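Worksheet for the structure shown next.
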Amino acid sequence: MSVEADKGHVEIAAGGRGVQLAGRLKKAAITAFVVLLLCIPMVAFRTVDAQDGLALVTRWDMVATLVAIAFAGQFLWDVLRESATASTAAGQVGKPVGRALGSLLPYLGAGMIVFAVALPFMPFSDRYIMDLAVLVLTYVMLAWGLNIVVGLAGLLDLGYVAFYAVGAYSYALLAQHYGFSFWICLPLAGMLAAFWGIILGFPVLRLRGDYLAIVTLAFGEIIRIVLLNWYEFTGGPDGLSSIPRPDFFGLEFKRFGENTFHGFFGIEYSSLHRIVFLYYLILILALITNVVTIRLRRLPIGRAWEAMREDEIACKSLGISVVKTKLTAFAIGAMFGGFAGSFFATKQGFISPESFTFLESAIILAIVVLGGMGSQIGVAIAAVALIGGLEWLRDLDFLKQIFGQDFDPKQWRMVFFGALMVLVMVWRPRGFIGSRKPTVALGERKAIGSDLVKEGHG
Amino acid sequence: MATVSDPILEVVHLTMRFGGLVAVDDISFQAEREEITAIIGPNGAGKTTVFNCLTGFYKPTVGMIRMRRRGGDTFLLERLPDDAINKLAGVARTFQNIRLFSGMTVLENLLVAQHHKLMDASGFTVGGILGLPGYRRAERAAIEKAKFWLDKVGLIERADDAAGDLPYGAQRRLEIARAMCTDPELLCLDEPAAGLNPRESAELNELLLDIRETQKSSILLIEHDMGVVMEVSDRIVVLDYGELIADGTPEEVRADPKVIAAYLGVEDEEVEEVEREIS
């Protein structure tokens with residue numbers, strides 16, 4: 001009797017599983033079909049140069065591979081997700097893991113700083129690695145600056161690159177016309193960028209959400225187009241060149257000359273010295289941004305930013321001026337953008353409006369969103385992942401084994417990158433670190449879950 | 001209770017129109033210092049509109065709202081910018097649909113409320129960034145004050161939890177504590193007892209009486225819960241369809257036939273009869 005009952009139970013379970021399997025297969029088939037539709041115009045046909053003009057080449061094998069990947073990917077995703085939810089429901093596995101990660105974060109931050117300081121002395125650090133590290137750190141700094149505006153104050157700014165441009169041009173013009181050194185120009189460029197931050201702040205005080213985003217985007221474009229067209233002042237599309245390089249307390253990074261770095265320290269000249277110097281310069285600038293932001297968060301001004309992100313009306317009722325709060329957020333965020341801009345100018349030695357397109361703003365914003373709005377360490381991780389990841393995707397030769405020898409991974413870099421971004425945002429909709437660390441506590445500082453922390457409406 | 005009239009707030013001929021709709025129609029009343037004044041009325045009577053005019057969220061179409069602080073400073077609230085109403089005139093408010101900073105902790109909510117004091121102490125942020133001792137002292141004092149209020153509203157154990165995680169009744173109490181952290185002379189509460197169970201309402205009554213006695217703050221209260229209103233109010237103002245229909249002590253208002261009519265409604269046939277009684 002009981003054996004029969006058990007048998008029946010097993011059969012029902014098996015039947016349930018069969019239905020589940022059919023459902024998953026159906027979902028996977030739908031995904032595969034969507035991918036197929038997308039692939040027909042984008043992948044299947046390709047024009048190549050032939051002797052008599054253009055010839056059409058079809059690539060159905062590649063379409064088939066992509067569709068198969070989509071099918072298998074969707075299927076596996078569902079299976080994995082179900083087992084993950086089952087295990088969390090069974091034993092609350094997810095939460096302790098998350099908490100352990102949270103308590104590890106400070107160590108991770110310290111580890112990253114130690115690694116960053118030691119990087120130039122690592123055996124694998126060559127010219128390419130150092131150049132990439134400087135680029136990554138520039139984005140870390142920019143993203144930390146934008147994090148003040150977007151992450152803390154909740155003001156969606158799509159034109160942040162404008163302040164980067166103001167900083168870069170301020171340095172270049174001040175240095176060329178007045179011969180100021182980098183160390184004098186740096187604070188001036190920051191101040192000018194902050195000033196432009198306030199200029200942007202005034203017209204957008206009353207705007208929220210989408211409208212704010214559109215106006216800030218337009219502001220970014222206005223700055224770029226002015227730079228492009230004001231030929232007498234900015235050099236227009238020719239840009240500004242021979243921007244002075246920074247010196248190390250008066251010592252220059254040149255092969256020959258009076259006060260050279262290598263001459264003073266009695267070491268052999270290497271072009272790497274200047275790169276390492278630039279690397280430490282941007283590292284220090286980025287860390288200053290970080291320390292100041294962490295401090296600001298614990299000050300009334302930072303709490304007002306976060307409070308404004310949570311509820312603007314409640315702020316007003318507590319006597320906090322929303323005007324001042326918004327303007328300070330724009331100004332301080334812009335100031336760090338300006339610092340990064342002067343660093344960019346001095347690193348490149350040449351700037352033109354091409355470097356300050358909307359794409360730059362979008363990348364910086366993507367870093368902030370990917371990292372988790374308001375989280376300093378999350379943003380740093382995201383910058384490394386995004387900028388470093390894009391470079392890493394350049395050499396994916398193992399993909400040739402999947403797609404055949406004539407497959408060129410470089411061309412597919414952006415597709416993979418986009419797919420990875422989508423996956424990350426599905427996995428963590430609020431970024432790598434979506435939780436918020438309180439600024440003050442009577443006892444233990446417990447992280448606040450991302451479901452409670454608001455994103456701000458503008 | 002003050003024997004000589006010393007109103008903290010005078011509302012004179014207040015009218016608020018939204019297009020063709022007259023939400024508040026020419027009402028005048030006073031709130032006495034260190035008293036609890038309740039504004040009651042059926043739904044849509046214009047109570048919250050009066051509050052929004054008082055606290056600067058609306059600019060009244062007509063009328064004057066005069067706030068007289070203890071030192072003798074007088075402010076015309078309808079002319080102040082919205083953030084100055086709290087900062088200069090000492091008016092704090094809570095909201096009908098609770099507006100806490102839900103992603104911040106309970107303690108942080110109370111520190112945001114002490115923004116101006118801390119801002120001055122931080123030397124407009126510069127001193128704070130440098131970590132000067134003056135700011136640290138001010139922050140410790142602000143935390144002590146927050147602890148005092150958390151103790152009063154019974155939330156000291158939850159100080160480090162997110163405000164959005166608190167149960168409903170606790171959120172209401174926290175909102176009152178947050179408003180009190182701005183050191184207001186006039187506290188405006190918009191339906192503080194809404195959604196509270198009887199035990200929580202009783203606690204709220206005690207809290208309000210305590211604020212009046214120990215903090216010497218005056219309270220203006222919108223409330224539907226008659227248990228709260230009748231027990232704590234020194235004076236009740238009744239609105240109906242944007243008009244003021246009664247103004248007096250709880251006993252007077254309770255007996256007022258106009259108020260009874262407004263609350264219970266009357267049959268069409270009885271309207272004339274009731275109106276005759278009223279006049």
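Simple scheme: letters A, B, ... for chains in structure tokens order, numbers from 1 for residues in each chain, numbers from 1 for ligands in the order shown.
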6 Å contacts from chain A to chain B using only C-alpha atoms, as a ChimeraX atom specification: /A:295,300,307,310,314,316,318-321,441,452-453
Neighbour list for range 193-205 of chain B as a PyMOL selection string, cut-off 10 Å, only C-alpha atoms, skip fewer than 5 positions in-chain: chain B and resi 96-97+153+168-170+172-173+176+210-211+222-229+231-233
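Proximity of B:Leu9, B:Arg66, B:Asp183, B:Asp240 to Gly265 in chain B, computed with only C-alpha atoms, is greatest for B:Asp240.
Across the structure, CA of Ala334 in chain A and CA of Ala194 in chain A are spaced 5.1 Å apart.
The list of residues with at least one atom within 10 Å of range 254-256 of chain B, based on only C-alpha atoms and without residues fewer than 6 positions apart in the same chain, reads Met230, Ile236, Ile245, Ala246, Asp247, Gly248 and Ile278 of chain B.
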Given the selection you just returned, output its residues as a file containing C-alpha atoms, formatted as a compact mmCIF listing (two decimals), in the first residue's frame.
```txt
# COMPACT_ATOMS: atom_id res chain seq x y z
CA MET B 230 -10.69 64.92 22.30
CA ILE B 236 -10.36 72.40 18.06
CA ILE B 245 -17.52 75.85 10.78
CA ALA B 246 -16.49 75.74 14.42
CA ASP B 247 -13.64 76.86 16.66
CA GLY B 248 -13.55 76.19 20.40
CA ILE B 278 -28.20 76.21 13.94
```
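The residue that comes closest to Thr346 in chain A, out of A:Leu370, A:Ile243, A:Ala133, A:Met425 and on the basis of only C-alpha atoms, is A:Ile243.
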Atom-to-atom span, CA of Cys185 in chain A and CA of Ile332 in chain A, Å: 17.2 Å
Range 106-245 of chain B: residues DSSP assigns to strand (DSSP E), reported as number ranges by chain: B: 186-190, 218-222, 235-240, 243-245
Pick from B:Glu251, B:Glu243, B:Glu213, B:Glu185 nearest to Asp73 in chain B, counting only C-alpha atoms: B:Glu185
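Our summary of the geometry notes that CA of Tyr241 in chain B is positioned 15.3 Å from CA of Phe51 in chain B.
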Contacts of Leu186 in chain B within 6 Å, only C-alpha atoms, excl. fewer than 3 positions in-chain, as a PyMOL selection string: chain B and resi 91+217-219
With N, CA and C atoms retained, write the just-selected residues as a short mmCIF file (atom, residue, chain, number, x, y, z; two decimals), in the first residue's frame.
```
data_model
loop_
_atom_site.label_atom_id
_atom_site.label_comp_id
_atom_site.auth_asym_id
_atom_site.auth_seq_id
_atom_site.Cartn_x
_atom_site.Cartn_y
_atom_site.Cartn_z
N VAL B 91 9.04 76.25 12.45
CA VAL B 91 7.86 75.41 12.23
C VAL B 91 8.33 74.09 11.64
N SER B 217 6.72 73.21 23.29
CA SER B 217 6.37 73.44 21.88
C SER B 217 4.86 73.50 21.75
N SER B 218 4.40 74.29 20.83
CA SER B 218 2.97 74.30 20.52
C SER B 218 2.74 73.26 19.42
N ILE B 219 1.56 72.69 19.41
CA ILE B 219 1.29 71.64 18.42
C ILE B 219 0.03 71.97 17.65
#
```
